[in-house]
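K.L.:
Handing over final.txt, compact mmCIF, C-alpha atoms.
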```
# COMPACT_ATOMS: atom_id res chain seq x y z
CA MET U 473 0.00 0.00 0.00
CA SER U 474 1.46 3.38 -1.02
CA ALA U 475 2.04 6.07 1.60
CA LYS U 476 -0.64 8.63 2.17
CA LYS U 477 0.17 12.09 0.89
CA LEU U 478 -0.05 15.30 2.88
CA ILE U 479 0.60 18.71 1.34
CA ILE U 480 1.00 21.88 3.36
CA VAL U 481 0.22 25.01 1.35
CA SER U 482 1.42 28.27 2.85
CA GLY U 483 2.62 31.68 1.78
CA LEU U 484 1.61 35.30 1.52
CA SER U 485 -2.01 36.36 1.22
CA GLY U 486 -2.76 37.15 -2.42
CA SER U 487 0.06 34.97 -3.74
CA GLY U 488 -2.18 32.18 -5.05
CA LYS U 489 -2.90 29.78 -2.17
CA SER U 490 -6.57 29.48 -3.13
CA VAL U 491 -5.69 28.71 -6.75
CA THR U 492 -3.22 26.09 -5.53
CA LEU U 493 -5.84 24.45 -3.29
CA HIS U 494 -8.36 24.36 -6.13
CA THR U 495 -5.73 22.75 -8.37
CA LEU U 496 -4.99 20.13 -5.72
CA GLU U 497 -8.70 19.47 -5.34
CA ASP U 498 -8.89 18.82 -9.08
CA LEU U 499 -5.98 16.38 -8.65
CA GLY U 500 -7.99 14.36 -6.14
CA TYR U 501 -6.79 15.88 -2.86
CA TYR U 502 -9.08 16.45 0.10
CA CYS U 503 -8.42 20.13 0.81
CA ILE U 504 -8.74 22.10 4.06
CA ASP U 505 -8.33 25.87 3.93
CA ASN U 506 -6.78 27.89 6.81
CA LEU U 507 -6.42 25.06 9.31
CA PRO U 508 -5.46 26.31 12.80
CA LEU U 509 -2.00 24.92 13.41
CA PHE U 510 -2.89 23.42 16.78
CA LEU U 511 -5.32 21.10 14.97
CA LEU U 512 -2.71 19.75 12.55
CA LYS U 513 -1.44 16.99 14.84
CA GLU U 514 -4.97 15.80 15.60
CA LEU U 515 -5.84 15.87 11.89
CA VAL U 516 -2.85 13.73 10.98
CA THR U 517 -3.65 11.28 13.78
CA ARG U 518 -7.17 10.91 12.43
CA LEU U 519 -5.94 10.52 8.87
CA GLU U 520 -3.63 7.70 9.96
CA GLU U 521 -6.66 5.81 11.28
CA ILE U 522 -8.91 6.35 8.27
CA ILE U 523 -8.84 3.65 5.59
CA ASP U 524 -11.13 5.54 3.18
CA ASN U 525 -9.26 6.31 -0.05
CA ALA U 526 -10.96 9.70 -0.16
CA PHE U 527 -8.36 10.84 2.39
CA ALA U 528 -5.34 9.14 0.83
CA LYS U 529 -4.28 12.53 -0.50
CA THR U 530 -4.86 15.54 1.75
CA ALA U 531 -3.86 19.19 1.39
CA VAL U 532 -3.93 21.78 4.17
CA SER U 533 -3.53 25.54 3.87
CA ILE U 534 -1.82 27.32 6.78
CA ASP U 535 -1.37 31.09 6.84
CA ALA U 536 -0.31 33.96 9.08
CA ARG U 537 -3.57 34.03 11.00
CA ASN U 538 -1.97 31.36 13.18
CA GLN U 539 -0.07 32.72 16.17
CA LEU U 540 3.64 33.42 15.75
CA GLN U 541 4.77 30.95 18.41
CA ARG U 542 2.82 28.19 16.68
CA LEU U 543 4.19 29.00 13.20
CA SER U 544 7.78 28.91 14.45
CA GLY U 545 7.34 25.26 15.38
CA LEU U 546 5.81 24.18 12.07
CA PRO U 547 8.95 22.66 10.44
CA GLU U 548 9.65 20.45 13.46
CA LEU U 549 5.99 19.51 13.69
CA LEU U 550 5.94 18.46 10.05
CA GLU U 551 9.02 16.31 10.45
CA LEU U 552 7.50 14.63 13.47
CA LEU U 553 4.08 14.10 11.95
CA CYS U 554 5.19 12.99 8.51
CA SER U 555 8.07 10.70 9.39
CA GLY U 556 5.61 7.80 9.53
CA PRO U 557 2.96 6.86 6.98
CA PHE U 558 2.86 10.23 5.22
CA GLU U 559 4.69 11.51 2.20
CA TYR U 560 4.50 15.25 2.56
CA HIS U 561 5.30 18.32 0.51
CA LEU U 562 5.52 21.92 1.65
CA LEU U 563 4.48 24.46 -0.98
CA TYR U 564 5.25 28.11 -0.26
CA LEU U 565 3.88 30.91 -2.43
CA GLU U 566 5.05 34.50 -2.46
CA ALA U 567 5.09 37.63 -4.62
CA GLU U 568 6.58 41.09 -4.61
CA THR U 569 4.88 43.60 -2.33
CA GLU U 570 3.85 45.91 -5.19
CA THR U 571 2.18 43.00 -6.96
CA LEU U 572 0.30 41.95 -3.83
CA ILE U 573 -0.90 45.51 -3.23
CA LYS U 574 -2.16 45.66 -6.81
CA ARG U 575 -4.01 42.35 -6.44
CA PHE U 576 -5.73 43.42 -3.24
CA SER U 577 -6.68 46.70 -4.88
CA GLU U 578 -8.16 44.95 -7.90
CA THR U 579 -10.13 42.38 -5.89
CA ARG U 580 -11.04 44.86 -3.12
CA ARG U 581 -10.42 42.17 -0.54
CA LYS U 582 -9.08 42.88 2.94
CA HIS U 583 -5.68 41.55 3.93
CA PRO U 584 -6.11 39.35 7.04
CA LEU U 585 -3.49 41.34 8.99
CA THR U 586 -4.60 44.87 8.19
CA THR U 587 -6.00 46.97 11.04
CA PRO U 588 -7.02 50.62 11.41
CA ASP U 589 -3.43 51.28 12.51
CA ARG U 590 -1.71 48.91 10.07
CA PRO U 591 -1.98 49.72 6.33
CA LEU U 592 -1.73 47.11 3.60
CA ALA U 593 1.99 47.45 2.86
CA GLU U 594 2.87 47.04 6.53
CA ALA U 595 0.52 44.06 6.85
CA ILE U 596 2.28 42.33 3.95
CA GLU U 597 5.73 42.85 5.49
CA LEU U 598 4.46 41.62 8.87
CA GLU U 599 3.11 38.50 7.17
CA ARG U 600 6.53 37.87 5.58
CA ARG U 601 8.13 37.93 9.02
CA LEU U 602 5.49 35.71 10.58
CA LEU U 603 5.87 33.08 7.87
CA ALA U 604 9.67 33.16 7.81
CA PRO U 605 10.02 29.96 9.93
CA ILE U 606 8.22 27.98 7.26
CA LEU U 607 10.93 28.84 4.73
CA ASN U 608 13.52 26.62 6.41
CA ASP U 609 12.87 23.77 4.03
CA PRO U 610 10.06 24.31 1.49
CA HIS U 611 9.83 21.57 -1.11
CA LEU U 612 8.55 24.06 -3.64
CA ARG U 613 8.84 27.83 -3.42
CA ILE U 614 6.89 29.69 -6.09
CA ASP U 615 7.15 33.41 -6.79
CA THR U 616 3.89 34.34 -8.50
CA THR U 617 4.82 37.97 -9.22
CA HIS U 618 4.92 37.30 -12.95
CA THR U 619 2.82 34.12 -12.94
CA ASN U 620 -0.79 34.03 -14.06
CA VAL U 621 -3.44 31.63 -12.78
CA HIS U 622 -2.92 29.09 -15.57
CA GLN U 623 0.86 29.06 -15.17
CA LEU U 624 0.53 28.53 -11.42
CA ARG U 625 -1.78 25.59 -11.95
CA ASP U 626 0.72 24.07 -14.39
CA LEU U 627 3.59 24.50 -11.92
CA VAL U 628 1.67 22.76 -9.16
CA ARG U 629 0.59 19.91 -11.43
CA GLU U 630 4.11 19.45 -12.76
CA HIS U 631 5.58 19.30 -9.27
CA LEU U 632 3.05 16.82 -7.94
CA ARG U 633 2.47 14.63 -10.93
CA ASP U 634 2.80 10.88 -10.44
CA ASP U 635 2.86 7.90 -12.76
CA THR U 636 -0.93 7.66 -12.82
CA PRO U 637 -2.28 9.10 -16.08
CA HIS U 638 -4.95 11.73 -15.68
CA GLU U 639 -8.11 10.78 -17.53
CA VAL U 640 -10.97 13.25 -17.65
CA PRO U 641 -14.44 11.83 -16.89
CA ILE U 642 -16.97 12.43 -19.68
CA LEU U 643 -20.66 13.21 -19.27
CA LEU U 644 -22.86 12.83 -22.35
CA GLN U 645 -26.15 14.68 -21.92
CA THR U 646 -28.93 14.49 -24.46
CA PHE U 647 -31.66 17.09 -24.78
CA GLY U 648 -34.41 18.43 -27.01
CA PHE U 649 -33.89 21.87 -28.53
CA LYS U 650 -37.58 22.63 -28.14
CA HIS U 651 -37.09 22.32 -24.38
CA GLY U 652 -34.04 24.57 -24.26
CA VAL U 653 -30.26 24.07 -24.48
CA PRO U 654 -28.67 22.89 -21.20
CA GLN U 655 -26.37 25.26 -19.35
CA ASP U 656 -22.84 24.69 -18.04
CA VAL U 657 -21.70 22.31 -20.78
CA ASP U 658 -18.41 22.30 -22.68
CA PHE U 659 -19.75 21.29 -26.09
CA VAL U 660 -23.15 21.37 -27.78
CA PHE U 661 -23.72 19.24 -30.89
CA ASP U 662 -26.84 19.50 -33.04
CA VAL U 663 -27.95 16.23 -34.69
CA ARG U 664 -31.26 17.51 -36.07
CA CYS U 665 -29.86 17.13 -39.58
CA LEU U 666 -30.13 13.33 -39.28
CA PRO U 667 -33.19 11.34 -40.42
CA ASN U 668 -35.94 11.71 -37.85
CA PRO U 669 -37.67 8.54 -36.54
CA HIS U 670 -40.46 10.78 -35.29
CA TRP U 671 -42.00 10.73 -38.76
CA GLN U 672 -42.35 6.95 -38.66
CA PRO U 673 -45.66 6.33 -36.83
CA GLU U 674 -44.50 3.03 -35.35
CA LEU U 675 -41.27 4.61 -34.02
CA ARG U 676 -42.74 7.83 -32.68
CA PRO U 677 -43.55 6.55 -29.16
CA LEU U 678 -40.16 4.81 -28.87
CA THR U 679 -36.73 6.22 -27.99
CA GLY U 680 -33.15 5.91 -29.20
CA LEU U 681 -32.72 3.13 -26.64
CA ASP U 682 -35.14 0.85 -28.51
CA PRO U 683 -33.77 -1.64 -31.08
CA ALA U 684 -36.30 -0.62 -33.72
CA VAL U 685 -35.14 3.00 -33.62
CA ALA U 686 -31.51 1.87 -33.66
CA ARG U 687 -32.13 -0.23 -36.78
CA PHE U 688 -33.81 2.72 -38.50
CA LEU U 689 -30.89 5.04 -37.77
CA GLU U 690 -28.22 2.46 -38.56
CA GLY U 691 -29.61 2.25 -42.08
CA SER U 692 -28.61 5.86 -42.77
CA PRO U 693 -25.03 6.67 -43.91
CA GLU U 694 -25.32 10.17 -42.43
CA VAL U 695 -25.88 8.75 -38.95
CA ASP U 696 -22.77 6.58 -39.17
CA GLU U 697 -20.75 9.52 -40.47
CA MET U 698 -21.97 11.78 -37.67
CA HIS U 699 -21.00 9.23 -35.04
CA SER U 700 -17.62 8.57 -36.66
CA ASP U 701 -16.82 12.29 -36.98
CA LEU U 702 -17.69 12.97 -33.35
CA ALA U 703 -15.67 9.98 -32.16
CA ARG U 704 -12.63 11.11 -34.14
CA PHE U 705 -12.99 14.65 -32.82
CA PHE U 706 -12.96 13.55 -29.19
CA ASP U 707 -10.21 10.96 -29.72
CA ARG U 708 -8.09 13.79 -31.09
CA TRP U 709 -8.85 16.51 -28.54
CA ILE U 710 -9.65 14.84 -25.20
CA PRO U 711 -5.94 14.17 -24.52
CA CYS U 712 -5.33 17.92 -24.94
CA PHE U 713 -7.99 18.70 -22.34
CA GLU U 714 -6.38 16.16 -20.01
CA THR U 715 -2.97 17.75 -20.48
CA ASP U 716 -4.54 21.10 -19.65
CA GLY U 717 -5.77 19.63 -16.36
CA ARG U 718 -9.49 19.62 -17.13
CA SER U 719 -11.40 17.92 -14.30
CA TYR U 720 -14.38 16.76 -16.39
CA LEU U 721 -15.89 17.19 -19.84
CA THR U 722 -19.62 17.66 -20.44
CA VAL U 723 -20.95 17.08 -23.95
CA ALA U 724 -24.55 17.98 -24.85
CA ILE U 725 -26.13 16.32 -27.88
CA GLY U 726 -29.46 17.64 -29.01
CA CYS U 727 -32.21 16.84 -31.47
CA THR U 728 -35.70 18.31 -31.77
CA GLY U 729 -37.37 16.44 -28.90
CA GLY U 730 -34.40 14.76 -27.25
CA GLN U 731 -35.98 11.34 -27.68
CA HIS U 732 -34.56 9.55 -30.72
CA ARG U 733 -31.49 10.80 -32.59
CA SER U 734 -29.56 12.43 -29.76
CA VAL U 735 -30.17 9.44 -27.52
CA TYR U 736 -28.93 7.01 -30.13
CA ILE U 737 -25.78 9.03 -30.93
CA ALA U 738 -24.96 9.44 -27.24
CA GLU U 739 -25.26 5.71 -26.62
CA GLN U 740 -22.98 4.99 -29.58
CA LEU U 741 -20.39 7.45 -28.27
CA LYS U 742 -20.65 5.87 -24.82
CA ARG U 743 -19.74 2.48 -26.28
CA HIS U 744 -16.90 4.06 -28.24
CA PHE U 745 -15.41 5.67 -25.12
CA GLU U 746 -15.84 2.51 -23.07
CA THR U 747 -13.88 0.44 -25.61
CA ARG U 748 -11.02 2.88 -24.98
CA GLY U 749 -11.26 2.46 -21.23
CA ARG U 750 -12.63 5.91 -20.52
CA GLN U 751 -14.95 6.82 -17.65
CA VAL U 752 -18.22 7.94 -19.22
CA MET U 753 -21.76 8.63 -18.03
CA VAL U 754 -24.91 9.28 -20.04
CA ARG U 755 -27.94 11.29 -18.99
CA HIS U 756 -31.00 11.58 -21.21
CA ARG U 757 -32.69 14.74 -20.00
CA GLU U 758 -35.99 14.31 -21.81
CA LEU U 759 -36.52 10.62 -21.09
CA PRO U 760 -38.48 9.53 -18.02
```
Mind turning the file's structure into structure tokens?

P.N.:
Amino acid sequence: MSAKKLIIVSGLSGSGKSVTLHTLEDLGYYCIDNLPLFLLKELVTRLEEIIDNAFAKTAVSIDARNQLQRLSGLPELLELLCSGPFEYHLLYLEAETETLIKRFSETRRKHPLTTPDRPLAEAIELERRLLAPILNDPHLRIDTTHTNVHQLRDLVREHLRDDTPHEVPILLQTFGFKHGVPQDVDFVFDVRCLPNPHWQPELRPLTGLDPAVARFLEGSPEVDEMHSDLARFFDRWIPCFETDGRSYLTVAIGCTGGQHRSVYIAEQLKRHFETRGRQVMVRHRELP
């Protein structure tokens, strides 16, 4: 059994800790933001006892809102806690003061250490001093002054990648255009140009899941070409989405009523993806 993984994410406010946690969450980590340091030992003890794979990879964000005396003991605490069943990494993020001031100005968020008597620039420098003990041995120190969100995500993924290939789950959702196009999807494909079983009286009450409808559609060259073209498109481009770190891919396929053609095409694509070992789900919105 491989060792459990624990990642400590720390650094200056506004340097990208939230982006890093979201990236780790996409990589399958159970993420905890702003954990009080005095709870870290108890958390690790609990994680050692849990067999559930959902906690095999855990990430914790720790920032300057912890008390100074607790932060100064963090490196020793990590060595003590992670010398056993845990493989741990310490990620520290920082940026130049001018950049941090600009980011807080643009987002209009309050720095956690600002007070009526402590302006932003002084709060940032105080935070640097408070977090200095953590810099004894960071496994990865990232200066995000000139790094955008996408570059930061790539840096984190590159540092933490393992030998397990990342495969994006696929959701195929069928729908009827007359009932509205679904929201929050990555692709929408219109198959209304294909022969419509609706105009065959005996097929009208059936769906694309029924053999009779399948036989009707299989007899049309356009249907086979549509399926083949879509399969080739996704075979070509899904690996690019996986390289980009996409967490999931939602594909909407629509026909007029969402009952025949879109259902059939989605089921054919599902079989195609399954033969390639991909994780795929199908939801037919208009079917009971």

K.L.:
What separation in Å, quoted to one decimal, exists between CA of Ile737 (chain U) and CA of Glu714 (chain U)?

P.N.:
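Going from CA of Ile737 (chain U) over to CA of Glu714 (chain U), I get 23.4 Å.
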
K.L.:
Give me, as a Markdown table, each residue of region 657-750 of chain U that comes within 12 Å of region 497-509 of chain U, together with its shortest interatomic pair and the distance in Å at one decimal, counting only C-alpha atoms, with rows ordered by chain and rising residue number.

P.N.:
```
| residue | atom | partner | partner_atom | distance |
| --- | --- | --- | --- | --- |
| U:Glu714 | CA | U:Leu499 | CA | 11.4 |
| U:Asp716 | CA | U:Asp498 | CA | 11.7 |
| U:Gly717 | CA | U:Asp498 | CA | 8.0 |
| U:Arg718 | CA | U:Asp498 | CA | 8.1 |
| U:Ser719 | CA | U:Asp498 | CA | 5.9 |
| U:Tyr720 | CA | U:Asp498 | CA | 9.4 |
```

K.L.:
Just the number, please: distance in Å from CA of Phe659 (chain U) to CA of Pro677 (chain U), one decimal.

P.N.:
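Separation between CA of Phe659 (chain U) and CA of Pro677 (chain U): 28.2 Å.
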
K.L.:
Name all residues at most 12 Å from Gly488 (chain U) (count all atoms listed in the file; drop same-chain ones fewer than 5 positions away) and give them as a ChimeraX atom specification.

P.N.:
/U:481-483,493-495,533,535,563-567,571-572,575-576,613-625,627-628

K.L.:
Compile the contact shell of Arg733 (chain U) as a PyMOL selection string: residues with an atom at most 7 Å away, counting only C-alpha atoms, same-chain residues fewer than 4 positions apart removed.

P.N.:
chain U and resi 663+668+680+727+737

K.L.:
So how far away is CA of Ala686 (chain U) from CA of Phe649 (chain U), in Å?

P.N.:
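Distance between the two atoms: 20.8 Å.
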
K.L.:
For Asp658 (chain U), which of U:His611, U:Arg687, U:Leu721, U:Pro693 is the closest residue, counting all atoms listed in the file?

P.N.:
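That would be U:Leu721, the residue with the smallest distance to Asp658 (chain U).
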
K.L.:
Might you pull out every residue within 8 Å of region 584-587 of chain U, with all atoms listed in the file counted and same-chain residues fewer than 4 positions away left off, and present them as a PyMOL selection string?

P.N.:
chain U and resi 485+537+591-592+594-596+598-599
